[in-house]
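Student: So here's input-v2.csv (CSV, C-alpha atoms).
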chain,number,residue,atom,x,y,z
P,1,MET,CA,-24.3,-11.9,-16.7
P,2,GLY,CA,-21.8,-14.1,-18.7
P,3,ARG,CA,-18.3,-13.8,-17.3
P,4,TRP,CA,-19.6,-12.3,-14.1
P,5,ALA,CA,-21.2,-15.5,-12.8
P,6,PRO,CA,-19.5,-18.5,-14.3
P,7,GLY,CA,-20.0,-20.8,-11.3
P,8,ALA,CA,-21.0,-21.0,-7.7
P,9,GLY,CA,-18.1,-18.7,-6.6
P,10,GLY,CA,-19.2,-16.0,-9.1
P,11,ARG,CA,-22.9,-16.4,-8.2
P,12,LEU,CA,-22.1,-16.0,-4.5
P,13,GLN,CA,-20.0,-12.9,-5.2
P,14,GLN,CA,-22.8,-11.4,-7.3
P,15,ALA,CA,-25.4,-12.1,-4.6
P,16,ALA,CA,-23.1,-10.6,-2.0
P,17,TYR,CA,-22.6,-7.4,-3.9
P,18,GLU,CA,-26.3,-7.1,-4.6
P,19,LEU,CA,-27.1,-7.5,-0.9
P,20,PHE,CA,-24.3,-5.1,0.2
P,21,ALA,CA,-25.8,-2.5,-2.1
P,22,GLU,CA,-29.3,-3.1,-0.9
P,23,ARG,CA,-28.9,-3.4,2.8
P,24,GLY,CA,-25.2,-2.6,3.6
P,25,TYR,CA,-22.2,-4.7,4.3
P,26,GLU,CA,-22.7,-5.2,8.1
P,27,GLN,CA,-26.4,-6.1,7.7
P,28,THR,CA,-25.6,-8.9,5.2
P,29,THR,CA,-24.9,-12.4,6.6
P,30,VAL,CA,-23.3,-15.3,4.9
P,31,ALA,CA,-26.7,-17.1,5.2
P,32,ASP,CA,-28.3,-14.2,3.3
P,33,ILE,CA,-25.7,-14.4,0.6
P,34,ALA,CA,-26.1,-18.1,0.1
P,35,ALA,CA,-29.9,-17.9,0.0
P,36,ARG,CA,-29.8,-15.1,-2.6
P,37,ALA,CA,-27.5,-17.2,-4.7
P,38,GLY,CA,-29.7,-20.3,-4.3
P,39,LEU,CA,-26.8,-22.2,-2.6
P,40,THR,CA,-26.1,-23.5,0.9
P,41,GLU,CA,-23.8,-21.9,3.5
P,42,ARG,CA,-21.6,-24.9,3.2
P,43,THR,CA,-21.1,-24.1,-0.4
P,44,PHE,CA,-20.3,-20.5,0.5
P,45,PHE,CA,-17.5,-21.7,2.9
P,46,ARG,CA,-16.1,-24.0,0.2
P,47,HIS,CA,-15.4,-20.8,-1.8
P,48,TYR,CA,-14.7,-18.1,0.8
P,49,THR,CA,-13.3,-18.3,4.3
P,50,ASP,CA,-15.5,-15.4,5.4
P,51,LYS,CA,-17.7,-12.6,4.2
P,52,ARG,CA,-14.7,-10.3,3.8
P,53,GLU,CA,-13.0,-12.7,1.4
P,54,VAL,CA,-15.7,-12.1,-1.2
P,55,PHE,CA,-14.0,-8.8,-1.9
P,56,PHE,CA,-10.6,-10.4,-2.8
P,57,ALA,CA,-11.3,-13.8,-4.2
P,58,GLY,CA,-11.1,-12.8,-7.8
P,59,GLN,CA,-7.8,-11.0,-7.4
P,60,ASP,CA,-5.6,-14.1,-7.7
P,61,GLY,CA,-6.9,-14.6,-11.2
P,62,LEU,CA,-6.2,-10.9,-12.0
P,63,VAL,CA,-2.6,-11.2,-10.7
P,64,ASP,CA,-2.0,-14.3,-12.9
P,65,LEU,CA,-3.4,-12.4,-15.9
P,66,VAL,CA,-1.2,-9.3,-15.3
P,67,VAL,CA,2.0,-11.2,-14.4
P,68,GLY,CA,1.5,-13.5,-17.3
P,69,GLY,CA,1.0,-10.6,-19.6
P,70,ILE,CA,4.3,-8.9,-18.9
P,71,THR,CA,6.4,-8.7,-22.1
P,72,ASP,CA,9.8,-7.3,-23.1
P,73,GLY,CA,10.2,-3.6,-23.8
P,74,PRO,CA,10.3,-0.5,-21.6
P,75,PRO,CA,9.3,-1.8,-18.2
P,76,LEU,CA,6.5,0.6,-17.2
P,77,GLU,CA,5.0,0.4,-20.7
P,78,ALA,CA,5.1,-3.4,-20.4
P,79,VAL,CA,3.3,-3.2,-17.0
P,80,VAL,CA,0.6,-0.9,-18.2
P,81,ARG,CA,0.1,-3.0,-21.3
P,82,ALA,CA,-0.2,-6.1,-19.1
P,83,PHE,CA,-2.9,-4.4,-17.0
P,84,GLU,CA,-4.6,-3.3,-20.2
P,85,GLY,CA,-4.6,-6.9,-21.4
P,86,ALA,CA,-6.3,-7.9,-18.1
P,87,THR,CA,-9.1,-5.3,-18.3
P,88,SER,CA,-11.5,-7.7,-19.9
P,89,PHE,CA,-11.6,-9.3,-16.5
P,90,PHE,CA,-13.7,-6.3,-15.4
P,91,ALA,CA,-15.7,-5.7,-18.6
P,92,ASP,CA,-19.1,-6.7,-17.1
P,93,ARG,CA,-18.2,-5.8,-13.6
P,94,ARG,CA,-18.4,-2.0,-13.3
P,95,ALA,CA,-21.6,-2.0,-11.2
P,96,GLY,CA,-20.2,-4.6,-8.8
P,97,ALA,CA,-16.9,-2.8,-8.7
P,98,ARG,CA,-18.7,0.4,-7.7
P,99,VAL,CA,-20.5,-1.3,-4.8
P,100,ARG,CA,-17.3,-3.0,-3.8
P,101,GLN,CA,-15.3,0.3,-3.8
P,102,GLU,CA,-17.9,2.0,-1.6
P,103,VAL,CA,-17.8,-0.8,1.0
P,104,VAL,CA,-14.0,-1.0,1.0
P,105,ASP,CA,-13.7,2.8,1.3
P,106,ALA,CA,-15.9,2.7,4.4
P,107,HIS,CA,-14.0,-0.1,6.2
P,108,PRO,CA,-10.4,0.4,7.2
P,109,GLU,CA,-9.7,-3.3,7.7
P,110,LEU,CA,-10.8,-3.9,4.1
P,111,GLN,CA,-8.6,-1.1,2.9
P,112,GLU,CA,-5.6,-2.6,4.7
P,113,ARG,CA,-6.3,-6.0,3.1
P,114,GLU,CA,-6.7,-4.3,-0.3
P,115,LEU,CA,-3.3,-2.5,0.1
P,116,ALA,CA,-1.7,-5.8,1.1
P,117,LYS,CA,-3.1,-7.5,-2.0
P,118,LEU,CA,-2.0,-4.7,-4.2
P,119,ALA,CA,1.5,-4.9,-2.7
P,120,ARG,CA,1.5,-8.6,-3.6
P,121,VAL,CA,0.5,-7.7,-7.2
P,122,ALA,CA,3.4,-5.3,-7.4
P,123,ALA,CA,5.8,-7.8,-6.0
P,124,GLY,CA,4.6,-10.4,-8.6
P,125,VAL,CA,5.0,-7.9,-11.4
P,126,ALA,CA,8.5,-6.8,-10.2
P,127,ALA,CA,9.6,-10.5,-10.1
P,128,ALA,CA,8.2,-11.0,-13.7
P,129,LEU,CA,10.2,-7.9,-14.8
P,130,ARG,CA,13.4,-9.2,-13.1
P,131,GLY,CA,12.8,-12.5,-14.9
P,132,ARG,CA,13.0,-10.5,-18.2
P,133,GLY,CA,16.3,-9.0,-17.2
P,134,VAL,CA,15.1,-5.7,-15.7
P,135,GLY,CA,17.4,-4.7,-12.9
P,136,GLU,CA,16.6,-3.1,-9.5
P,137,PRO,CA,15.3,-0.6,-8.6
P,138,ALA,CA,13.8,-0.2,-12.1
P,139,ALA,CA,11.7,-3.4,-11.7
P,140,THR,CA,10.2,-2.3,-8.4
P,141,LEU,CA,9.7,1.3,-9.5
P,142,ALA,CA,7.9,0.2,-12.7
P,143,ALA,CA,5.8,-2.4,-10.9
P,144,GLU,CA,4.8,0.0,-8.1
P,145,SER,CA,4.1,2.8,-10.7
P,146,GLY,CA,2.1,0.4,-12.8
P,147,VAL,CA,0.0,-0.6,-9.8
P,148,THR,CA,-0.5,3.1,-9.0
P,149,VAL,CA,-1.7,3.8,-12.5
P,150,PHE,CA,-4.0,0.8,-12.3
P,151,ARG,CA,-5.4,1.8,-9.0
P,152,VAL,CA,-6.0,5.5,-9.9
P,153,ALA,CA,-7.5,4.5,-13.3
P,154,PHE,CA,-9.8,1.9,-11.7
P,155,GLY,CA,-11.1,4.4,-9.2
P,156,ARG,CA,-11.8,6.9,-11.9
P,157,TRP,CA,-13.5,4.3,-14.2
P,158,VAL,CA,-15.7,3.1,-11.4
P,159,ALA,CA,-16.7,6.6,-10.4
P,160,GLU,CA,-17.3,8.2,-13.8
P,161,ASP,CA,-20.5,8.2,-15.7
P,162,ALA,CA,-19.0,8.0,-19.1
P,163,ASP,CA,-19.4,4.6,-20.7
P,164,ARG,CA,-15.8,4.0,-21.7
P,165,GLY,CA,-13.5,1.0,-21.2
P,166,LEU,CA,-11.1,0.7,-18.3
P,167,ASP,CA,-8.3,0.2,-20.9
P,168,GLU,CA,-9.0,3.7,-22.2
P,169,VAL,CA,-8.9,5.2,-18.7
P,170,LEU,CA,-5.7,3.3,-18.0
P,171,ARG,CA,-3.9,4.8,-21.1
P,172,GLU,CA,-5.1,8.2,-20.2
P,173,THR,CA,-3.9,7.8,-16.6
P,174,PHE,CA,-0.5,6.5,-17.8
P,175,ALA,CA,-0.2,9.7,-19.9
P,176,GLU,CA,-1.0,11.8,-16.9
P,177,LEU,CA,1.7,10.0,-14.8
P,178,ARG,CA,4.2,10.8,-17.6
P,179,ALA,CA,3.2,14.4,-17.4
P,180,VAL,CA,3.5,14.5,-13.6
P,181,VAL,CA,6.9,12.8,-13.6
P,182,GLY,CA,8.1,15.2,-16.2
L,183,MET,CA,22.7,9.7,20.4
L,184,GLY,CA,21.4,13.3,19.9
L,185,ARG,CA,18.2,13.4,17.8
L,186,TRP,CA,17.8,9.7,18.2
L,187,ALA,CA,16.8,9.8,21.9
L,188,PRO,CA,15.3,13.1,22.7
L,189,GLY,CA,12.9,12.0,25.5
L,190,ALA,CA,11.3,9.0,27.1
L,191,GLY,CA,9.5,8.0,23.8
L,192,GLY,CA,12.8,8.0,21.9
L,193,ARG,CA,14.7,6.1,24.6
L,194,LEU,CA,12.0,3.5,24.7
L,195,GLN,CA,12.2,3.2,20.9
L,196,GLN,CA,15.9,2.8,21.0
L,197,ALA,CA,15.8,0.3,23.7
L,198,ALA,CA,13.1,-1.7,21.8
L,199,TYR,CA,15.2,-1.8,18.6
L,200,GLU,CA,18.3,-2.9,20.5
L,201,LEU,CA,16.4,-5.7,22.1
L,202,PHE,CA,14.7,-6.7,18.9
L,203,ALA,CA,18.1,-7.0,17.3
L,204,GLU,CA,19.6,-8.9,20.2
L,205,ARG,CA,16.9,-11.4,21.0
L,206,GLY,CA,14.2,-11.0,18.4
L,207,TYR,CA,10.8,-9.2,18.2
L,208,GLU,CA,8.7,-12.0,19.8
L,209,GLN,CA,11.1,-12.6,22.6
L,210,THR,CA,11.1,-9.0,23.7
L,211,THR,CA,8.4,-7.9,26.2
L,212,VAL,CA,7.2,-4.4,27.1
L,213,ALA,CA,8.8,-5.0,30.5
L,214,ASP,CA,12.1,-5.8,28.9
L,215,ILE,CA,11.9,-2.6,26.8
L,216,ALA,CA,11.0,-0.4,29.8
L,217,ALA,CA,13.8,-1.9,31.9
L,218,ARG,CA,16.4,-1.4,29.2
L,219,ALA,CA,15.4,2.2,28.9
L,220,GLY,CA,15.5,2.7,32.6
L,221,LEU,CA,11.8,3.5,32.7
L,222,THR,CA,8.6,1.9,34.0
L,223,GLU,CA,6.0,-0.1,32.0
L,224,ARG,CA,3.6,2.7,32.9
L,225,THR,CA,5.7,5.2,31.1
L,226,PHE,CA,5.9,2.8,28.1
L,227,PHE,CA,2.1,2.7,27.9
L,228,ARG,CA,1.9,6.5,28.1
L,229,HIS,CA,3.9,6.6,24.9
L,230,TYR,CA,2.8,3.5,23.0
L,231,THR,CA,-0.4,1.5,23.0
L,232,ASP,CA,1.5,-1.8,22.4
L,233,LYS,CA,4.8,-3.2,21.3
L,234,ARG,CA,3.9,-3.0,17.7
L,235,GLU,CA,3.3,0.7,17.9
L,236,VAL,CA,7.0,1.3,18.6
L,237,PHE,CA,7.5,0.8,14.9
L,238,PHE,CA,5.1,3.5,13.8
L,239,ALA,CA,5.1,6.2,16.5
L,240,GLY,CA,7.6,8.5,14.8
L,241,GLN,CA,5.7,8.5,11.5
L,242,ASP,CA,3.2,11.2,12.4
L,243,GLY,CA,6.1,13.6,12.8
L,244,LEU,CA,7.5,12.5,9.4
L,245,VAL,CA,4.1,13.1,7.7
L,246,ASP,CA,3.9,16.6,9.2
L,247,LEU,CA,7.4,17.4,7.9
L,248,VAL,CA,6.7,16.1,4.4
L,249,VAL,CA,3.2,17.6,4.1
L,250,GLY,CA,4.5,20.9,5.5
L,251,GLY,CA,7.4,20.8,3.0
L,252,ILE,CA,5.2,20.7,-0.1
L,253,THR,CA,5.9,23.8,-2.3
L,254,ASP,CA,4.6,25.1,-5.6
L,255,GLY,CA,6.2,23.8,-8.8
L,256,PRO,CA,6.0,20.5,-10.8
L,257,PRO,CA,4.0,18.3,-8.4
L,258,LEU,CA,6.3,15.2,-8.2
L,259,GLU,CA,9.4,17.3,-8.0
L,260,ALA,CA,7.7,19.1,-5.1
L,261,VAL,CA,6.9,15.8,-3.3
L,262,VAL,CA,10.4,14.5,-3.7
L,263,ARG,CA,11.9,17.8,-2.5
L,264,ALA,CA,9.5,17.6,0.5
L,265,PHE,CA,10.8,14.1,1.3
L,266,GLU,CA,14.3,15.3,0.9
L,267,GLY,CA,13.7,18.1,3.3
L,268,ALA,CA,12.5,15.5,5.8
L,269,THR,CA,15.5,13.2,5.6
L,270,SER,CA,17.3,14.8,8.5
L,271,PHE,CA,14.6,13.0,10.5
L,272,PHE,CA,16.5,9.7,9.8
L,273,ALA,CA,20.1,11.1,9.9
L,274,ASP,CA,21.2,9.2,13.0
L,275,ARG,CA,18.8,6.4,12.6
L,276,ARG,CA,20.1,4.1,9.9
L,277,ALA,CA,21.1,1.3,12.3
L,278,GLY,CA,17.7,1.4,14.0
L,279,ALA,CA,16.0,1.6,10.6
L,280,ARG,CA,17.7,-1.6,9.5
L,281,VAL,CA,16.6,-3.6,12.5
L,282,ARG,CA,13.1,-2.1,12.0
L,283,GLN,CA,13.0,-3.2,8.3
L,284,GLU,CA,14.1,-6.7,9.1
L,285,VAL,CA,11.4,-7.1,11.8
L,286,VAL,CA,8.7,-5.5,9.6
L,287,ASP,CA,9.6,-7.7,6.6
L,288,ALA,CA,9.2,-10.8,8.8
L,289,HIS,CA,5.8,-10.0,10.1
L,290,PRO,CA,2.8,-9.6,7.7
L,291,GLU,CA,0.7,-7.8,10.2
L,292,LEU,CA,3.4,-5.1,10.6
L,293,GLN,CA,3.7,-4.9,6.8
L,294,GLU,CA,-0.1,-4.3,6.5
L,295,ARG,CA,0.1,-1.6,9.1
L,296,GLU,CA,3.1,-0.1,7.3
L,297,LEU,CA,1.2,0.0,4.0
L,298,ALA,CA,-1.8,1.6,5.7
L,299,LYS,CA,0.5,4.3,7.2
L,300,LEU,CA,2.2,5.0,3.8
L,301,ALA,CA,-1.3,5.2,2.2
L,302,ARG,CA,-2.1,7.9,4.8
L,303,VAL,CA,1.1,9.7,4.0
L,304,ALA,CA,0.2,9.7,0.3
L,305,ALA,CA,-3.3,10.9,1.1
L,306,GLY,CA,-1.9,13.8,3.1
L,307,VAL,CA,0.5,14.7,0.4
L,308,ALA,CA,-2.2,14.6,-2.3
L,309,ALA,CA,-4.4,16.9,-0.2
L,310,ALA,CA,-1.5,19.3,0.2
L,311,LEU,CA,-1.0,19.3,-3.6
L,312,ARG,CA,-4.7,19.9,-4.2
L,313,GLY,CA,-4.5,22.8,-1.7
L,314,ARG,CA,-1.8,24.3,-4.0
L,315,GLY,CA,-4.1,24.0,-7.0
L,316,VAL,CA,-2.9,20.7,-8.5
L,317,GLY,CA,-5.9,18.9,-10.0
L,318,GLU,CA,-6.8,15.2,-10.0
L,319,PRO,CA,-5.6,12.7,-10.9
L,320,ALA,CA,-2.2,14.6,-11.0
L,321,ALA,CA,-2.2,15.2,-7.3
L,322,THR,CA,-2.8,11.5,-6.4
L,323,LEU,CA,-0.4,10.2,-9.0
L,324,ALA,CA,2.4,12.6,-7.8
L,325,ALA,CA,1.7,11.7,-4.2
L,326,GLU,CA,1.7,8.0,-4.8
L,327,SER,CA,4.8,8.1,-7.0
L,328,GLY,CA,6.6,10.3,-4.4
L,329,VAL,CA,5.8,7.7,-1.7
L,330,THR,CA,7.0,4.9,-4.0
L,331,VAL,CA,10.3,6.8,-4.6
L,332,PHE,CA,10.7,7.4,-0.9
L,333,ARG,CA,9.9,3.7,0.0
L,334,VAL,CA,12.3,2.3,-2.6
L,335,ALA,CA,15.0,4.8,-1.7
L,336,PHE,CA,14.6,4.1,2.0
L,337,GLY,CA,14.9,0.4,1.4
L,338,ARG,CA,18.1,0.9,-0.6
L,339,TRP,CA,19.6,3.3,1.9
L,340,VAL,CA,18.9,1.0,4.8
L,341,ALA,CA,20.4,-2.0,3.0
L,342,GLU,CA,23.5,-0.5,1.4
L,343,ASP,CA,26.9,-0.3,2.9
L,344,ALA,CA,27.9,3.0,1.4
L,345,ASP,CA,27.9,5.8,3.8
L,346,ARG,CA,25.8,8.3,1.9
L,347,GLY,CA,22.8,10.3,2.8
L,348,LEU,CA,19.2,9.3,2.3
L,349,ASP,CA,18.7,12.6,0.4
L,350,GLU,CA,21.2,11.4,-2.2
L,351,VAL,CA,19.6,8.0,-2.6
L,352,LEU,CA,16.2,9.8,-3.0
L,353,ARG,CA,17.5,12.0,-5.9
L,354,GLU,CA,19.0,9.0,-7.6
L,355,THR,CA,15.8,6.9,-7.2
L,356,PHE,CA,13.8,9.8,-8.6
L,357,ALA,CA,16.1,9.9,-11.6
L,358,GLU,CA,15.5,6.2,-12.0
L,359,LEU,CA,11.8,6.6,-11.9
L,360,ARG,CA,12.0,9.2,-14.6
L,361,ALA,CA,14.0,6.7,-16.7
L,362,VAL,CA,11.4,4.0,-16.1
L,363,VAL,CA,8.4,6.2,-16.9
L,364,GLY,CA,10.2,7.3,-20.1
Represent the structure of the file as structure tokens.

Tutor:
Amino acid sequence: MGRWAPGAGGRLQQAAYELFAERGYEQTTVADIAARAGLTERTFFRHYTDKREVFFAGQDGLVDLVVGGITDGPPLEAVVRAFEGATSFFADRRAGARVRQEVVDAHPELQERELAKLARVAAGVAAALRGRGVGEPAATLAAESGVTVFRVAFGRWVAEDADRGLDEVLRETFAELRAVVG
Amino acid sequence: MGRWAPGAGGRLQQAAYELFAERGYEQTTVADIAARAGLTERTFFRHYTDKREVFFAGQDGLVDLVVGGITDGPPLEAVVRAFEGATSFFADRRAGARVRQEVVDAHPELQERELAKLARVAAGVAAALRGRGVGEPAATLAAESGVTVFRVAFGRWVAEDADRGLDEVLRETFAELRAVVG
């Protein structure tokens, strides 16, 4: 699985997604996840505070990638490019992402946490843009719009059968935003 | 106060915001709010499930106004117009909105709820657009972008000293989004 399971954290996450897909989120315990990964519960709790956190653990790495990838230039273009540069993060993860999406969609408390995390991504991106001299409200508008493009593109990429890259869906979704904004 | 306090629910909300401003959110009890409004705690609980709900009660009315105000035409333009048409909702409420914003900004659990409510606004707007024949992802992109414009405009309107209408700040913010999207 390469990038997907680089260490104990990744193995636990993969095991969790497998079990969520097989028997459902509620029916899966931390003990089940640890056993499937060939690890102890203690190891699980060194990596995640609870079962829910498995869904969000990787996102800090994504935020760092995106924020670190912001360059000069037209702000929204820069944000979309930064997300594009971070898509390798998901390259081997579409199957896991699909399971994840289904579970999150079915649990309002996971959706709230997801929205809070995305708001933090947007805040980090806006700060990076301001650090490059973009004023307000342009920085916030570009950051929020970039997150919207990413979120919509990600949902389409996860749902569609076509075997194309997330980067391609991102570019296409950005073009559609441009058409919508007019 | 006119529109601001049309009935018991409005009086309780106004009393709550006054007390939050005077002594802080944590230091204000439901009993305090009811007493300030000249009503009983029982009346409070007929209108709000808890103290937190005071912040979100009016939003269903706003959602109905916005969703009901969606017309044909370019989708994002239609969404921004619908928000513009709903700005009278806030006409007398800037002082209250400012207190509200400060309390929400200081409490992550209120922020999460706010994000969840805004996500529901966006979902309702996207559904209204689809009902008018707008396809996906255009409907979702227009709805999310419209909510972003509204949120950014609202934050600016609440913060700024200039005595201008929210509708004007909305148009200006929409123009800035256009410039950012390029």

Student: Please list as a PyMOL selection string every residue within 12 Å of Gly73 (chain P), counting all atoms listed in the file and excluding residues in the same chain fewer than 4 positions away.

Tutor: (chain P and resi 77-82+129+132-134+142) or (chain L and resi 362+364)

Student: Report, in Å with one decimal, the straight-line distance from CA of Phe226 (chain L) to CA of Ala198 (chain L).

Tutor: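 These atoms are spaced 10.6 Å apart.
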
Student: Quick check, in Å to one decimal: how far apart do CA of Arg312 (chain L) and CA of Arg120 (chain P) lie?

Tutor: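 CA of Arg312 (chain L) sits 29.2 Å away from CA of Arg120 (chain P).
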
Student: For CA of Arg11 (chain P) and CA of Arg94 (chain P), determine how far apart the two atoms are, in Å to one decimal place.

Tutor: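 For CA of Arg11 (chain P) relative to CA of Arg94 (chain P), the distance reads 15.9 Å.
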
Student: Would you mind listing, for every residue of chain P within 10 Å of chain L, the two atoms forming the shortest contact and the distance between them in Å to one decimal, using only C-alpha atoms, sorted by chain and ascending residue number, as CSV?

Tutor:
residue,atom,partner,partner_atom,distance
P:Pro74,CA,L:Val362,CA,7.2
P:Pro75,CA,L:Val362,CA,6.5
P:Leu76,CA,L:Val363,CA,5.9
P:Glu77,CA,L:Val363,CA,7.7
P:Pro108,CA,L:Ala298,CA,8.8
P:Glu109,CA,L:Ala298,CA,9.5
P:Gln111,CA,L:Ala298,CA,7.8
P:Glu112,CA,L:Ala298,CA,5.8
P:Arg113,CA,L:Glu294,CA,7.3
P:Glu114,CA,L:Glu294,CA,9.5
P:Leu115,CA,L:Leu297,CA,6.5
P:Ala116,CA,L:Glu294,CA,5.8
P:Lys117,CA,L:Glu294,CA,9.6
P:Leu118,CA,L:Leu297,CA,10.0
P:Ala119,CA,L:Leu297,CA,8.3
P:Glu136,CA,L:Glu358,CA,9.7
P:Pro137,CA,L:Val334,CA,7.3
P:Ala138,CA,L:Val362,CA,6.3
P:Ala139,CA,L:Val362,CA,8.6
P:Thr140,CA,L:Val334,CA,7.7
P:Leu141,CA,L:Leu359,CA,6.2
P:Ala142,CA,L:Val362,CA,6.2
P:Ala143,CA,L:Val362,CA,10.0
P:Glu144,CA,L:Thr330,CA,6.8
P:Ser145,CA,L:Ser327,CA,6.5
P:Gly146,CA,L:Val363,CA,9.5
P:Thr148,CA,L:Glu326,CA,6.8
P:Val149,CA,L:Leu323,CA,7.4
P:Arg151,CA,L:Leu323,CA,9.8
P:Val152,CA,L:Pro319,CA,7.3
P:Ala153,CA,L:Pro319,CA,8.8
P:Arg156,CA,L:Pro319,CA,8.5
P:Thr173,CA,L:Pro319,CA,7.7
P:Phe174,CA,L:Val363,CA,9.0
P:Ala175,CA,L:Val363,CA,9.8
P:Glu176,CA,L:Ala320,CA,6.6
P:Leu177,CA,L:Leu323,CA,6.2
P:Arg178,CA,L:Val363,CA,6.3
P:Ala179,CA,L:Ala320,CA,8.4
P:Val180,CA,L:Leu258,CA,6.1
P:Val181,CA,L:Leu258,CA,5.9
P:Gly182,CA,L:Arg360,CA,7.3

Student: Pick the closest to Thr231 (chain L) from L:Val329, L:Ala273, L:Val212, L:Ala288: which is it, counting all atoms listed in the file?

Tutor: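 For Thr231 (chain L), the nearest of the candidates is L:Val212.
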
Student: What's the 9 Å shell around Ala8 (chain P), counting all atoms listed in the file, without same-chain residues fewer than 4 positions away, as a PyMOL selection string?

Tutor: chain P and resi 12-13+37+39+43-44+47

Student: For Phe20 (chain P), which residue out of P:Ala128, P:Leu166, P:Val67, P:Val99 is the nearest one, using only C-alpha atoms?

Tutor: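 Of P:Ala128, P:Leu166, P:Val67, P:Val99, the one nearest Phe20 (chain P) is P:Val99, counting only C-alpha atoms.
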
Student: Do you know which residues are at most 10 Å from Phe272 (chain L) counting all atoms listed in the file, after dropping those on the same chain fewer than 3 positions away, and could you put them as a PyMOL selection string?

Tutor: chain L and resi 185-186+244+268-269+275-279+336+347-348

Student: Mind listing as a PyMOL selection string all residues within 6 Å of (-5.0, -1.5, -20.6), counting only C-alpha atoms?

Tutor: chain P and resi 81+83-85+167+170

Student: Mind listing as a list in words all residues within 6 Å of (2.1, 11.9, 3.4), counting all atoms listed in the file?

Tutor: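 The answer, in the requested form, is Val245, Val249, Arg302, Val303, Ala304, Ala305, Gly306 and Val307 of chain L.
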